[in-house]
file upload_6.txt (compact mmCIF, C-alpha atoms)
# COMPACT_ATOMS: atom_id res chain seq x y z
CA MET N 1 -12.62 -212.53 -76.88
CA PRO N 2 -10.49 -211.80 -79.95
CA ALA N 3 -12.09 -212.42 -83.30
CA THR N 4 -11.30 -215.80 -84.85
CA ASP N 5 -9.45 -214.04 -87.70
CA ASP N 6 -7.09 -212.40 -85.23
CA VAL N 7 -6.41 -215.69 -83.54
CA GLN N 8 -5.72 -217.42 -86.84
CA LYS N 9 -3.54 -214.55 -87.97
CA ALA N 10 -1.63 -214.70 -84.70
CA GLN N 11 -1.15 -218.43 -85.17
CA ARG N 12 0.22 -217.97 -88.70
CA PHE N 13 2.43 -215.16 -87.45
CA ARG N 14 3.71 -217.31 -84.59
CA GLU N 15 4.68 -220.09 -86.99
CA ALA N 16 6.29 -217.73 -89.50
CA ALA N 17 8.09 -215.27 -87.24
CA LEU N 18 8.94 -216.89 -83.91
CA PRO N 19 11.46 -219.39 -85.34
CA HIS N 20 13.62 -216.36 -86.24
CA LEU N 21 13.65 -214.94 -82.73
CA ASP N 22 17.29 -215.82 -82.06
CA ASP N 23 18.34 -214.27 -85.37
CA VAL N 24 16.45 -211.06 -84.67
CA TYR N 25 17.80 -210.92 -81.14
CA THR N 26 21.35 -211.49 -82.39
CA LEU N 27 21.13 -208.56 -84.80
CA ALA N 28 19.62 -206.39 -82.08
CA ARG N 29 22.47 -207.24 -79.71
CA TYR N 30 25.07 -206.23 -82.28
CA LEU N 31 23.25 -203.07 -83.30
CA LEU N 32 22.42 -201.83 -79.80
CA ARG N 33 25.30 -203.40 -77.84
CA ASP N 34 23.08 -203.76 -74.79
CA ALA N 35 21.13 -206.83 -73.70
CA SER N 36 18.11 -205.11 -72.21
CA ASP N 37 17.83 -202.53 -75.00
CA ALA N 38 18.01 -205.43 -77.44
CA GLU N 39 15.18 -207.26 -75.68
CA ASP N 40 12.97 -204.19 -75.77
CA ALA N 41 13.75 -203.61 -79.44
CA VAL N 42 12.99 -207.21 -80.37
CA GLN N 43 9.68 -207.16 -78.53
CA GLU N 44 8.73 -203.90 -80.24
CA CYS N 45 9.82 -205.40 -83.57
CA TYR N 46 7.50 -208.41 -83.12
CA LEU N 47 4.60 -206.19 -82.10
CA ARG N 48 5.03 -204.06 -85.22
CA ALA N 49 5.53 -207.13 -87.38
CA LEU N 50 2.25 -208.64 -86.17
CA LYS N 51 0.48 -205.36 -86.86
CA HIS N 52 1.77 -205.29 -90.42
CA PHE N 53 1.62 -209.03 -91.00
CA ASP N 54 -1.31 -208.56 -93.41
CA SER N 55 0.93 -206.61 -95.76
CA TYR N 56 3.70 -209.21 -95.61
CA ARG N 57 3.91 -210.92 -99.00
CA GLY N 58 7.03 -212.95 -98.53
CA PRO N 59 8.92 -214.84 -99.65
CA ALA N 60 11.58 -214.46 -96.99
CA MET N 61 10.52 -213.71 -93.43
CA LYS N 62 13.97 -212.93 -92.02
CA PRO N 63 14.82 -209.87 -94.15
CA TRP N 64 11.34 -208.52 -93.49
CA LEU N 65 11.76 -208.85 -89.72
CA PHE N 66 15.25 -207.34 -89.92
CA ALA N 67 13.91 -204.33 -91.82
CA ILE N 68 11.39 -203.74 -89.05
CA LEU N 69 14.05 -204.23 -86.38
CA ARG N 70 16.28 -201.64 -88.07
CA ASN N 71 13.50 -199.07 -87.86
CA VAL N 72 13.02 -199.82 -84.19
CA CYS N 73 16.76 -199.54 -83.57
CA ASN N 74 17.00 -196.24 -85.44
CA ALA N 75 14.29 -194.88 -83.17
CA GLU N 76 16.33 -196.09 -80.23
CA TYR N 77 19.43 -194.34 -81.60
CA ALA N 78 17.45 -191.14 -81.90
CA ARG N 79 16.37 -191.50 -78.28
CA ARG N 80 19.95 -192.02 -77.15
CA ALA N 81 21.06 -188.44 -77.45
CA HIS N 82 24.33 -189.29 -75.76
CA ARG N 83 25.41 -191.77 -78.42
CA PRO N 84 24.12 -190.76 -81.83
CA THR N 85 25.16 -193.49 -84.25
CA PRO N 86 22.36 -193.70 -86.75
CA ILE N 87 22.68 -196.24 -89.53
CA GLU N 88 23.24 -193.94 -92.48
CA ASP N 89 25.47 -193.55 -95.44
CA THR N 90 27.66 -190.84 -94.06
CA PRO N 91 31.18 -191.08 -95.35
CA GLY N 92 33.26 -190.79 -92.23
CA ALA N 93 36.51 -192.03 -90.86
CA ALA N 94 35.41 -195.59 -91.56
CA GLU N 95 35.34 -194.88 -95.27
CA GLN N 96 38.97 -193.89 -95.06
CA THR N 97 40.04 -197.25 -93.72
CA PRO N 98 42.18 -198.71 -96.48
CA LEU N 99 40.99 -201.95 -97.99
CA TRP N 100 44.61 -202.89 -98.09
CA GLN N 101 46.79 -203.62 -95.12
CA GLU N 102 50.54 -203.31 -95.44
CA THR N 103 50.96 -205.98 -92.79
CA GLU N 104 49.61 -208.45 -95.30
CA ALA N 105 52.66 -208.18 -97.50
CA ASN N 106 53.76 -211.50 -96.13
CA PRO N 107 50.47 -213.35 -95.95
CA GLU N 108 51.92 -216.86 -95.69
CA THR N 109 53.19 -216.09 -92.22
CA GLU N 110 49.96 -214.45 -91.13
CA VAL N 111 47.72 -217.07 -89.65
CA LEU N 112 44.91 -215.78 -87.52
CA ARG N 113 44.84 -217.34 -84.14
CA SER N 114 41.45 -218.58 -83.15
CA ARG N 115 39.88 -216.44 -80.51
CA ASP N 116 37.00 -217.06 -78.20
CA ALA N 117 33.59 -215.80 -79.24
CA GLY N 118 33.65 -212.99 -76.69
CA ALA N 119 36.84 -211.48 -78.13
CA ILE N 120 35.53 -211.68 -81.69
CA ARG N 121 32.23 -210.11 -80.68
CA LYS N 122 34.18 -207.20 -79.19
CA LEU N 123 36.09 -206.81 -82.45
CA ILE N 124 32.83 -206.76 -84.41
CA ASP N 125 31.46 -204.15 -82.02
CA THR N 126 34.31 -201.81 -82.94
CA LEU N 127 33.12 -201.71 -86.57
CA ALA N 128 31.34 -198.52 -87.49
CA GLU N 129 27.86 -198.47 -88.94
CA PRO N 130 26.66 -199.26 -91.55
CA PHE N 131 29.52 -201.75 -92.00
CA LYS N 132 28.90 -203.68 -88.81
CA GLU N 133 25.25 -204.19 -89.73
CA THR N 134 26.09 -205.51 -93.21
CA PHE N 135 28.77 -207.76 -91.78
CA VAL N 136 26.47 -209.25 -89.11
CA LEU N 137 23.64 -209.79 -91.60
CA ARG N 138 25.98 -211.68 -93.92
CA GLU N 139 28.35 -213.50 -91.60
CA ILE N 140 26.17 -214.24 -88.59
CA ASN N 141 22.57 -214.06 -89.83
CA ASN N 142 23.53 -215.78 -93.10
CA LEU N 143 21.55 -213.55 -95.41
CA SER N 144 22.31 -213.45 -99.13
CA TYR N 145 23.41 -210.15 -100.67
CA ARG N 146 19.97 -209.73 -102.17
CA GLU N 147 18.28 -210.29 -98.81
CA ILE N 148 20.60 -207.82 -97.12
CA ALA N 149 19.81 -205.28 -99.84
CA GLU N 150 16.11 -205.88 -99.17
CA ALA N 151 16.41 -205.56 -95.39
CA VAL N 152 18.61 -202.49 -95.47
CA GLY N 153 17.02 -200.83 -98.48
CA VAL N 154 20.16 -200.28 -100.57
CA PRO N 155 21.36 -201.67 -103.93
CA VAL N 156 23.26 -204.98 -103.98
CA GLY N 157 26.38 -203.15 -105.14
CA THR N 158 26.35 -201.10 -101.94
CA VAL N 159 26.01 -204.26 -99.88
CA MET N 160 29.04 -205.68 -101.66
CA SER N 161 31.28 -202.67 -101.09
CA ARG N 162 30.19 -202.29 -97.44
CA LEU N 163 30.93 -205.92 -96.81
CA ALA N 164 34.39 -205.65 -98.39
CA ARG N 165 35.16 -202.65 -96.20
CA ALA N 166 33.73 -204.28 -93.06
CA ARG N 167 35.89 -207.36 -93.54
CA ALA N 168 38.98 -205.28 -94.24
CA MET N 169 38.37 -203.27 -91.06
CA LEU N 170 37.72 -206.36 -89.00
CA ARG N 171 40.85 -208.05 -90.24
CA ALA N 172 42.87 -204.90 -89.52
CA ALA N 173 41.53 -204.79 -85.95
CA TRP N 174 42.18 -208.49 -85.56
CA MET N 175 45.76 -208.22 -86.79
CA ALA N 176 46.36 -205.22 -84.53
CA GLY N 177 45.24 -207.37 -81.61
CA GLU N 178 47.64 -210.11 -82.67
CA GLU N 179 50.47 -207.59 -82.79
CA GLN N 180 49.75 -206.54 -79.22
CA ALA N 181 49.53 -210.12 -78.09
CA ARG N 182 53.03 -210.83 -79.31
CA MET D 1 39.80 -206.05 -114.04
CA THR D 2 41.60 -203.71 -111.65
CA CYS D 3 42.75 -204.59 -108.15
CA ASP D 4 40.24 -202.11 -106.71
CA GLU D 5 37.41 -203.99 -108.39
CA ALA D 6 38.84 -207.36 -107.45
CA ARG D 7 39.17 -206.38 -103.77
CA ILE D 8 35.43 -205.93 -103.64
CA LEU D 9 34.43 -208.76 -105.92
CA LEU D 10 36.57 -211.37 -104.20
CA HIS D 11 34.18 -211.19 -101.25
CA ALA D 12 31.30 -212.00 -103.54
CA LEU D 13 33.42 -214.86 -104.81
CA LEU D 14 33.96 -216.11 -101.24
CA ASP D 15 30.22 -215.86 -100.56
CA ASN D 16 29.28 -217.73 -103.76
CA GLU D 17 27.33 -214.71 -104.93
CA LEU D 18 28.94 -214.40 -108.37
CA ASP D 19 27.62 -215.93 -111.55
CA ALA D 20 29.98 -218.23 -113.43
CA GLY D 21 31.18 -215.52 -115.84
CA HIS D 22 32.13 -213.00 -113.16
CA ALA D 23 33.63 -215.70 -110.94
CA ARG D 24 35.96 -216.68 -113.80
CA GLU D 25 36.97 -213.05 -114.31
CA VAL D 26 37.82 -212.58 -110.64
CA GLU D 27 39.68 -215.87 -110.47
CA ALA D 28 41.64 -214.94 -113.60
CA HIS D 29 42.67 -211.62 -112.05
CA VAL D 30 43.58 -213.16 -108.69
CA ALA D 31 45.65 -215.85 -110.39
CA GLY D 32 47.80 -213.20 -112.05
CA CYS D 33 48.10 -210.85 -109.05
CA PRO D 34 50.08 -211.82 -105.92
CA ASN D 35 48.49 -209.07 -103.79
CA CYS D 36 44.96 -210.17 -104.62
CA THR D 37 45.96 -213.82 -104.11
CA ALA D 38 47.15 -212.90 -100.62
CA GLU D 39 44.02 -210.93 -99.87
CA LEU D 40 41.74 -213.75 -101.00
CA ALA D 41 43.67 -216.25 -98.86
CA ALA D 42 43.55 -213.94 -95.84
CA GLN D 43 39.84 -213.33 -96.17
CA ARG D 44 39.14 -217.02 -96.67
CA GLU D 45 41.10 -217.75 -93.51
CA MET D 46 39.14 -215.18 -91.52
CA GLN D 47 35.85 -216.48 -92.84
CA ARG D 48 36.84 -219.99 -91.77
CA VAL D 49 37.70 -218.88 -88.24
CA LEU D 50 34.46 -216.89 -87.98
CA ALA D 51 32.43 -219.87 -89.18
CA ASP D 52 34.03 -222.02 -86.48
CA THR D 53 33.00 -219.60 -83.74
CA ASN D 54 29.51 -219.25 -82.39
CA LEU D 55 28.87 -215.54 -82.66
CA ARG D 56 25.11 -215.74 -82.36
CA TYR D 57 23.14 -214.75 -79.31
CA THR D 58 20.23 -216.75 -77.94
CA ALA D 59 17.09 -214.86 -77.03
CA PRO D 60 16.30 -215.20 -73.31
CA ALA D 61 13.32 -217.43 -72.52
CA SER D 62 11.67 -214.50 -70.75
CA LEU D 63 11.71 -212.51 -74.00
CA ARG D 64 10.16 -215.40 -75.90
CA SER D 65 7.34 -215.75 -73.37
CA ARG D 66 6.76 -211.99 -73.28
CA ILE D 67 6.27 -212.04 -77.05
CA GLU D 68 4.12 -215.16 -76.89
CA ALA D 69 1.95 -213.51 -74.25
CA SER D 70 1.43 -210.42 -76.40
CA LEU D 71 -0.07 -212.45 -79.26
CA PRO D 72 -3.87 -212.87 -79.36
CA GLN D 73 -4.88 -216.33 -78.23
CA ALA D 74 -8.35 -217.80 -78.28
CA GLN D 75 -7.86 -220.51 -75.72
CA ARG D 76 -6.62 -218.56 -72.74
CA GLN D 77 -9.16 -217.87 -70.00
CA GLN D 78 -12.11 -217.00 -72.15
CA PRO D 79 -15.28 -216.61 -70.06
CA SER D 80 -17.52 -217.65 -72.93
CA ARG D 81 -15.56 -220.87 -73.31
CA ARG D 82 -16.16 -221.67 -69.67
CA ALA D 83 -19.86 -221.17 -70.14
CA VAL D 84 -19.76 -223.72 -72.95
CA LEU D 85 -18.01 -226.18 -70.67
CA ARG D 86 -20.64 -225.78 -67.99
CA GLY D 87 -23.10 -226.80 -70.64
CA PHE D 88 -21.30 -230.10 -70.79
CA ALA D 89 -21.68 -230.41 -67.03
CA MET D 90 -18.01 -231.22 -66.77
CA GLY D 91 -17.52 -228.92 -63.80
CA SER D 92 -14.50 -227.02 -62.66
CA ALA D 93 -12.05 -229.87 -63.25
CA VAL D 94 -12.26 -229.33 -66.96
CA SER D 95 -12.23 -225.55 -66.92
CA ALA D 96 -9.02 -225.80 -64.94
CA LEU D 97 -7.39 -227.63 -67.84
CA ALA D 98 -4.68 -225.92 -69.79
CA ALA D 99 -5.67 -223.70 -72.67
CA SER D 100 -5.13 -226.13 -75.51
CA GLY D 101 -6.69 -229.03 -73.65
CA VAL D 102 -9.96 -227.20 -73.28
CA VAL D 103 -10.64 -227.05 -76.98
CA ALA D 104 -9.71 -230.70 -77.40
CA VAL D 105 -12.11 -231.69 -74.65
CA VAL D 106 -14.94 -229.70 -76.19
CA LEU D 107 -14.33 -231.30 -79.56
CA ARG D 108 -14.03 -234.78 -78.15
CA GLN D 109 -17.32 -234.31 -76.32
CA ASP D 110 -19.00 -233.37 -79.59
CA ASP D 111 -17.42 -236.35 -81.22
CA GLN D 112 -18.56 -238.71 -78.51
CA GLN D 113 -22.06 -237.30 -78.62
CA ARG D 114 -22.21 -237.90 -82.37
CA ILE D 115 -20.89 -241.44 -82.06
CA LEU D 116 -23.33 -242.17 -79.24
CA SER D 117 -26.16 -241.12 -81.49
CA GLU D 118 -24.83 -243.33 -84.28
CA VAL D 119 -24.53 -246.28 -81.90
CA VAL D 120 -28.12 -245.84 -80.77
CA SER D 121 -29.29 -245.56 -84.39
CA ALA D 122 -27.46 -248.77 -85.23
CA HIS D 123 -29.11 -250.45 -82.28
CA LEU D 124 -32.54 -249.25 -83.50
CA ARG D 125 -31.89 -250.54 -87.04
CA SER D 126 -30.87 -253.91 -85.68
CA LEU D 127 -34.26 -254.28 -83.98
CA GLN D 128 -36.12 -254.17 -87.29
CA ALA D 129 -37.21 -257.57 -88.53
CA GLY D 130 -34.36 -259.58 -90.05
CA HIS D 131 -31.62 -257.08 -89.20
CA LEU D 132 -30.48 -258.29 -85.83
CA THR D 133 -27.87 -260.86 -86.83
CA ASP D 134 -25.83 -261.86 -89.86
CA VAL D 135 -24.71 -265.03 -88.14
CA VAL D 136 -27.11 -266.76 -85.78
CA SER D 137 -25.52 -268.92 -83.16
CA THR D 138 -25.39 -269.34 -79.45
CA ASP D 139 -21.96 -270.83 -79.84
CA GLN D 140 -19.09 -268.38 -79.41
CA HIS D 141 -16.88 -270.65 -81.50
CA THR D 142 -19.20 -270.14 -84.45
CA VAL D 143 -19.72 -266.40 -84.00
CA LYS D 144 -16.07 -265.44 -83.44
CA PRO D 145 -14.62 -267.01 -86.63
CA TRP D 146 -17.46 -265.50 -88.64
CA PHE D 147 -15.93 -262.02 -88.07
CA ASN D 148 -12.58 -263.13 -89.51
CA GLY D 149 -11.69 -261.19 -92.63
CA LYS D 150 -14.69 -258.91 -92.30
CA LEU D 151 -13.10 -256.48 -89.85
CA ASP D 152 -9.71 -255.10 -88.90
CA VAL D 153 -10.33 -256.30 -85.36
CA ALA D 154 -11.31 -259.62 -83.83
CA PRO D 155 -14.17 -258.73 -81.50
CA PRO D 156 -14.10 -260.79 -78.34
CA VAL D 157 -17.12 -263.11 -78.42
CA ILE D 158 -17.88 -264.50 -75.00
CA ASP D 159 -20.77 -266.76 -74.06
CA LEU D 160 -22.44 -265.33 -70.99
CA THR D 161 -25.43 -267.68 -70.93
CA ALA D 162 -24.44 -269.02 -67.53
CA GLN D 163 -24.42 -265.42 -66.22
CA GLY D 164 -27.92 -264.75 -67.56
CA PHE D 165 -27.05 -263.13 -70.90
CA THR D 166 -27.61 -265.33 -73.95
CA LEU D 167 -25.37 -264.98 -76.98
CA VAL D 168 -27.58 -264.90 -80.08
CA GLY D 169 -25.20 -263.99 -82.88
CA GLY D 170 -23.08 -261.40 -84.60
CA ARG D 171 -23.45 -258.72 -87.22
CA LEU D 172 -21.49 -256.20 -89.23
CA ASP D 173 -22.55 -252.61 -88.74
CA TYR D 174 -21.31 -249.13 -89.58
CA ILE D 175 -20.45 -246.47 -87.03
CA ASP D 176 -18.62 -243.27 -87.83
CA ALA D 177 -18.37 -244.41 -91.48
CA ARG D 178 -16.39 -247.48 -90.48
CA ALA D 179 -17.28 -251.18 -90.43
CA ILE D 180 -17.68 -252.29 -86.87
CA GLY D 181 -18.48 -255.60 -85.20
CA ALA D 182 -21.71 -256.06 -83.24
CA VAL D 183 -22.10 -259.02 -80.92
CA VAL D 184 -25.74 -259.60 -79.96
CA TYR D 185 -26.96 -260.82 -76.60
CA LYS D 186 -30.41 -261.19 -75.08
CA ARG D 187 -31.67 -261.06 -71.54
CA ARG D 188 -35.29 -262.20 -71.45
CA GLN D 189 -36.71 -260.33 -74.46
CA HIS D 190 -34.28 -257.43 -74.25
CA VAL D 191 -31.63 -257.17 -76.98
CA ILE D 192 -28.13 -256.00 -76.12
CA ASN D 193 -25.89 -254.89 -78.97
CA LEU D 194 -22.23 -254.88 -78.05
CA PHE D 195 -20.33 -252.78 -80.61
CA VAL D 196 -16.59 -253.26 -80.80
CA SER D 197 -14.08 -251.11 -82.68
CA GLN D 198 -10.36 -250.62 -82.75
CA THR D 199 -8.74 -247.61 -81.11
CA ALA D 200 -5.22 -246.26 -81.01
CA SER D 201 -5.35 -245.92 -77.27
CA THR D 202 -4.44 -249.00 -75.25
CA GLU D 203 -5.21 -247.48 -71.87
CA HIS D 204 -8.14 -248.73 -69.86
CA ARG D 205 -11.08 -246.35 -69.79
CA PRO D 206 -13.62 -247.14 -67.10
CA PRO D 207 -17.24 -247.75 -68.15
CA LYS D 208 -19.63 -244.83 -68.30
CA THR D 209 -23.36 -244.91 -68.92
CA GLN D 210 -25.19 -242.38 -71.05
CA SER D 211 -28.73 -242.53 -72.24
CA MET D 212 -30.32 -241.36 -75.43
CA GLN D 213 -33.83 -241.78 -76.82
CA GLY D 214 -34.70 -244.13 -73.96
CA PHE D 215 -31.78 -246.46 -74.54
CA ASN D 216 -28.86 -246.91 -72.22
CA CYS D 217 -25.38 -247.00 -73.61
CA ARG D 218 -22.43 -248.07 -71.53
CA ARG D 219 -19.09 -247.42 -73.13
CA TRP D 220 -15.55 -248.32 -72.10
CA GLY D 221 -12.14 -248.96 -73.55
CA ASP D 222 -9.68 -251.73 -72.94
CA ARG D 223 -6.65 -253.30 -74.66
CA GLY D 224 -6.93 -251.18 -77.80
CA LEU D 225 -10.67 -251.74 -78.25
CA ASN D 226 -13.63 -249.45 -77.75
CA PHE D 227 -16.87 -251.02 -76.53
CA TRP D 228 -20.43 -249.73 -76.58
CA ALA D 229 -23.15 -251.85 -75.00
CA VAL D 230 -26.61 -250.58 -75.99
CA SER D 231 -29.94 -251.84 -74.76
CA ASP D 232 -33.36 -250.91 -73.50
CA LEU D 233 -32.39 -252.70 -70.30
CA GLY D 234 -32.22 -250.63 -67.16
CA ALA D 235 -28.90 -248.97 -66.36
CA ASP D 236 -28.24 -251.38 -63.47
CA GLU D 237 -28.78 -254.52 -65.58
CA LEU D 238 -26.66 -253.11 -68.39
CA ALA D 239 -23.91 -252.37 -65.88
CA GLU D 240 -24.21 -255.96 -64.66
CA PHE D 241 -23.77 -257.18 -68.25
CA VAL D 242 -20.68 -255.06 -68.74
CA ASP D 243 -19.16 -256.19 -65.44
CA LYS D 244 -19.72 -259.85 -66.31
CA PHE D 245 -18.39 -259.40 -69.84
CA ASP D 246 -15.33 -257.59 -68.54
CA ALA D 247 -14.68 -260.26 -65.90
CA ALA D 248 -15.05 -263.06 -68.44
CA MET D 249 -12.73 -261.27 -70.86
CA LYS D 250 -10.08 -260.85 -68.19
CA ALA D 251 -10.46 -264.55 -67.28
CA ASN D 252 -10.07 -265.43 -70.98
CA VAL D 253 -6.91 -263.37 -71.33
CA GLU D 254 -5.37 -264.60 -68.14
CA GLY D 255 -6.53 -268.21 -68.71

call {"tool": "encode", "arguments": {"input": "upload_6.txt", "output": "structure tokens"}}
result
Amino acid sequence: MPATDDVQKAQRFREAALPHLDDVYTLARYLLRDASDAEDAVQECYLRALKHFDSYRGPAMKPWLFAILRNVCNAEYARRAHRPTPIEDTPGAAEQTPLWQETEANPETEVLRSRDAGAIRKLIDTLAEPFKETFVLREINNLSYREIAEAVGVPVGTVMSRLARARAMLRAAWMAGEEQAR
Amino acid sequence: MTCDEARILLHALLDNELDAGHAREVEAHVAGCPNCTAELAAQREMQRVLADTNLRYTAPASLRSRIEASLPQAQRQQPSRRAVLRGFAMGSAVSALAASGVVAVVLRQDDQQRILSEVVSAHLRSLQAGHLTDVVSTDQHTVKPWFNGKLDVAPPVIDLTAQGFTLVGGRLDYIDARAIGAVVYKRRQHVINLFVSQTASTEHRPPKTQSMQGFNCRRWGDRGLNFWAVSDLGADELAEFVDKFDAAMKANVEG
């Protein structure tokens, strides 16, 4: 029989962490792009979170869980030798994406057509790390810049510039899709 | 402010992350720069479309239950808990109850045991000289109004003299730190205290006899009231009293 402390701790953990399950799962889906990998990662994340729950000091539970999930996902990236896309600050092709799109010279005529969720998810999936992660944390998980900085372990200024680049890339991909659709 | 700076800061503006001073600076730059005006409008438009789309995923129920199952829980199939339940002689029906129910049952048993002991103590106190009744009357129409304003319930007072149980009066008592009504009956020289209290539950709970310190206590619940009949009468005669009281009460309600 588990000690009473463990049971009480588990109860507190349940109340604090389980309400964020959909959020954690959402981030895992975007990071890993695979439903069953995401499930495994989320379960591992909750196991680790429970283990370290004593050291959790708050105030926000979500960024703390996301930080743990990122570590789990990075381990998963390392395991996937065939698709190494670690979340790191490596200036790559993504950095070269201009923040400016020439197609926006005539913005009044450019109205984004609404797309179904599936199409937008695919667009988000084309974003390179670490921009996709920052974008999802802000736009879908609704974290503040400070919380993103906490979860990802970078300064707020970095969050801001990654987010600007992520949105510029997403809009470029979106507009390219619109061009093709015409 | 340069356009390069503004292109980054306008996102912070969109996300309401800028303090008033910086927000004014960005807005001032955007107002004087057609390119940045266009960019801000385009990004605002995209943010609006994104906000209108459900891009979240929902965790599968199987994942939720897998995580739930991996957390330590006290109440699930603990052998020691079963041993405790056997101590209450409740048998396998109770140990088959769902995890959370088991703890509740154990607690309620403790609670009932404590209240039973308080009921018997109250009965004992009432037998001391001068403590049996606050209002002495064999007339139910004298005893019943006497309780008015003294309790949050109106205890049913029913004359059972014709059935062999004489109404002798009523009394205020305290059970579980609450004022409670006691209606006093006698059969021959045996005193019966009928304690009545309010309960949140309106369901009918069938009578059950327990004994403690040589007294029998028959308890039941009906119409939002809890009843305890306590006496040194034998269990069969006490059961007879309860049956007759219950029948008379039903007749009263229906009549």

call {"tool": "residues_around", "arguments": {"input": "upload_6.txt", "residues": "Trp228 in chain D", "least_positions_apart": "3", "cutoff": "9 Å", "atoms": "only C-alpha atoms", "output": "PyMOL selection string"}}
result
chain D and resi 116+119+193-197+217-221

call {"tool": "residues_around", "arguments": {"input": "upload_6.txt", "residues": "range 35-42 of chain D", "least_positions_apart": "2", "cutoff": "7 Å", "atoms": "only C-alpha atoms", "output": "ChimeraX atom specification"}}
result
/N:107 /D:3,7,10,30-31,33,44-46

call {"tool": "closest_atom_pairs", "arguments": {"input": "upload_6.txt", "of": "chain N", "to": "chain D", "cutoff": "6 Å", "atoms": "only C-alpha atoms", "output": "Markdown table"}}
result
| residue | atom | partner | partner_atom | distance |
| --- | --- | --- | --- | --- |
| N:Val7 | CA | D:Gln73 | CA | 5.6 |
| N:Asp22 | CA | D:Ala59 | CA | 5.1 |
| N:Tyr25 | CA | D:Ala59 | CA | 5.7 |
| N:Thr26 | CA | D:Tyr57 | CA | 4.8 |
| N:Pro107 | CA | D:Ala38 | CA | 5.7 |
| N:Ala117 | CA | D:Leu55 | CA | 5.8 |
| N:Ser161 | CA | D:Ile8 | CA | 5.9 |
| N:Ala164 | CA | D:Ile8 | CA | 5.4 |

call {"tool": "atom_distance", "arguments": {"input": "upload_6.txt", "atom1": "CA of Ile124 in chain N", "atom2": "CA of Tyr145 in chain N"}}
result
19.1 Å

call {"tool": "atom_distance", "arguments": {"input": "upload_6.txt", "atom1": "CA of Asp19 in chain D", "atom2": "CA of Met61 in chain N"}}
result
25.0 Å

call {"tool": "atom_distance", "arguments": {"input": "upload_6.txt", "atom1": "CA of Phe53 in chain N", "atom2": "CA of Leu27 in chain N"}}
result
20.5 Å

call {"tool": "residues_near_point", "arguments": {"input": "upload_6.txt", "point": "(-23.2, -249.8, -85.3)", "cutoff": "8 Å", "atoms": "all atoms listed in the file", "output": "list in words"}}
result
Glu118, Val119, Val120, Ser121, Ala122, His123, Leu172, Asp173, Tyr174, Ile175, Ala179, Ile180, Gly181, Ala182 and Phe195 of chain D

call {"tool": "residues_around", "arguments": {"input": "upload_6.txt", "residues": "Arg33 in chain N", "least_positions_apart": "2", "cutoff": "12 Å", "atoms": "only C-alpha atoms", "output": "list in words"}}
result
Tyr25, Thr26, Leu27, Ala28, Arg29, Tyr30, Leu31, Ala35, Ser36, Asp37, Ala38, Glu39, Ala41, Cys73, Glu76, Tyr77, Arg83, Thr85, Arg121, Lys122, Ile124, Asp125, Thr126, Leu127, Lys132 and Glu133 of chain N; Tyr57 of chain D

call {"tool": "residues_around", "arguments": {"input": "upload_6.txt", "residues": "Ala16 in chain N", "least_positions_apart": "2", "cutoff": "12 Å", "atoms": "all atoms listed in the file", "output": "list in words"}}
result
Lys9, Ala10, Gln11, Arg12, Phe13, Arg14, Leu18, Pro19, His20, Leu21, Tyr46, Ala49, Leu50, Phe53, Tyr56, Arg57, Gly58, Pro59, Ala60, Met61, Lys62, Trp64 and Leu65 of chain N

call {"tool": "decode", "arguments": {"input": "upload_6.txt", "residues": "range 22-41 of chain N", "atoms": "C-alpha atoms", "output": "PDB file, in the first residue's frame"}}
result
ATOM      1  CA  ASP N  22      -5.077  18.435 -23.810  1.00  0.00           C
ATOM      2  CA  ASP N  23      -2.603  21.322 -23.921  1.00  0.00           C
ATOM      3  CA  VAL N  24       0.370  19.039 -23.360  1.00  0.00           C
ATOM      4  CA  TYR N  25      -0.928  16.560 -25.904  1.00  0.00           C
ATOM      5  CA  THR N  26      -1.477  19.347 -28.450  1.00  0.00           C
ATOM      6  CA  LEU N  27       2.120  20.533 -28.135  1.00  0.00           C
ATOM      7  CA  ALA N  28       3.369  16.958 -28.378  1.00  0.00           C
ATOM      8  CA  ARG N  29       1.373  16.398 -31.569  1.00  0.00           C
ATOM      9  CA  TYR N  30       2.882  19.478 -33.197  1.00  0.00           C
ATOM     10  CA  LEU N  31       6.405  18.708 -32.040  1.00  0.00           C
ATOM     11  CA  LEU N  32       6.420  15.011 -32.933  1.00  0.00           C
ATOM     12  CA  ARG N  33       3.898  15.004 -35.808  1.00  0.00           C
ATOM     13  CA  ASP N  34       2.767  11.515 -34.870  1.00  0.00           C
ATOM     14  CA  ALA N  35      -0.207  10.545 -32.722  1.00  0.00           C
ATOM     15  CA  SER N  36       1.248   7.481 -31.045  1.00  0.00           C
ATOM     16  CA  ASP N  37       4.661   9.064 -30.444  1.00  0.00           C
ATOM     17  CA  ALA N  38       2.816  12.015 -28.931  1.00  0.00           C
ATOM     18  CA  GLU N  39       0.857   9.750 -26.580  1.00  0.00           C
ATOM     19  CA  ASP N  40       4.029   8.038 -25.393  1.00  0.00           C
ATOM     20  CA  ALA N  41       5.761  11.372 -24.887  1.00  0.00           C
TER      21      ALA N  41
END
